[in-house]
Structures are given as C-alpha cells and as structure tokens.
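Chemist: One structure coming up, written as structure tokens, with questions to follow.
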Amino acid sequence: LLLGDSAYAHDQMRVTFEGEEIGVFSTKAMEFVTASGWIEVLDGQLTIEVEDLGGTDAYVAMISLYVQ
C-alpha cells in the first residue's frame, strides 16, 4: 500500500491488514511511504483498514495497492 501526496502532508495514518496493525505513517508533501506485510487471508476476503488518528491533517492519502 503506497501512502502519500504530491501536494500535502498527511500525519498519523494507521494501516491494518486482516486486523493486524502494519503501522502508523506520516508523510510530508512529495513524500511517499510503503506499508507492507505478509498476511494470510483465511476467509477468502482481504480486509484492509486505513484510518486517520488525528493530528494536523484529517485525511489518509493512499496512492496505490499491490496484492501479490
């Protein structure tokens, strides 16, 4: 999952895959981070949650998702 934004900073973006927290990420304008992990999907449906935990920006900026 690629997070970030070319125009704005985003802080405290939490990423969860299948109920397991991958991390909490913050980016500056023109900064991008990758949230990744190996997750076993047992129910046939991948569940991804992204949420903003507060801070100065109230949004999550998700650029792309790659599933292998």
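Every chain in the structure tokens has a letter given in the order shown (A, B, ...), and although residue numbers restart at 1 in each chain, ligands are simply numbered from 1 in the order shown.
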When you look at segment 59-65 of chain A with a cut-off of 7 Å (counting only C-alpha atoms), what residues show up, excluding the ones that are within fewer than 2 positions of it in the same chain? I need them as a PyMOL selection string.
Modeler: chain A and resi 1-5+10+13+51-52+57+67
Chemist: Could you tell me how far atom CA of Ala9 of chain A lies from atom CA of Ser36 of chain A, in Å and to one decimal?
Modeler: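 Those two atoms sit 20.3 Å apart.
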Chemist: Got a sec: who's within 10 Å of Ile48 of chain A, counting only C-alpha atoms, leaving out chain neighbours fewer than 6 positions off, as a PyMOL selection string?
Modeler: chain A and resi 1+15-21
Chemist: What separation in Å, quoted to one decimal, exists between atom CA of Ala29 of chain A and atom CA of Ser6 of chain A?
Modeler: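 These two atoms are separated by 5.3 Å.
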Chemist: Have a look at A:Val50, A:Ala58, A:Ile22, A:Ala7 and name the one nearest to Ala35 of chain A; count only C-alpha atoms.
Modeler: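 Among A:Val50, A:Ala58, A:Ile22, A:Ala7, it is A:Ile22 that comes nearest to Ala35 of chain A.
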Chemist: What is the distance, in Å and to one decimal place, between atom CA of Gln68 of chain A and atom CA of Thr27 of chain A?
Modeler: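 Result for atom CA of Gln68 of chain A versus atom CA of Thr27 of chain A: 24.8 Å, one decimal.
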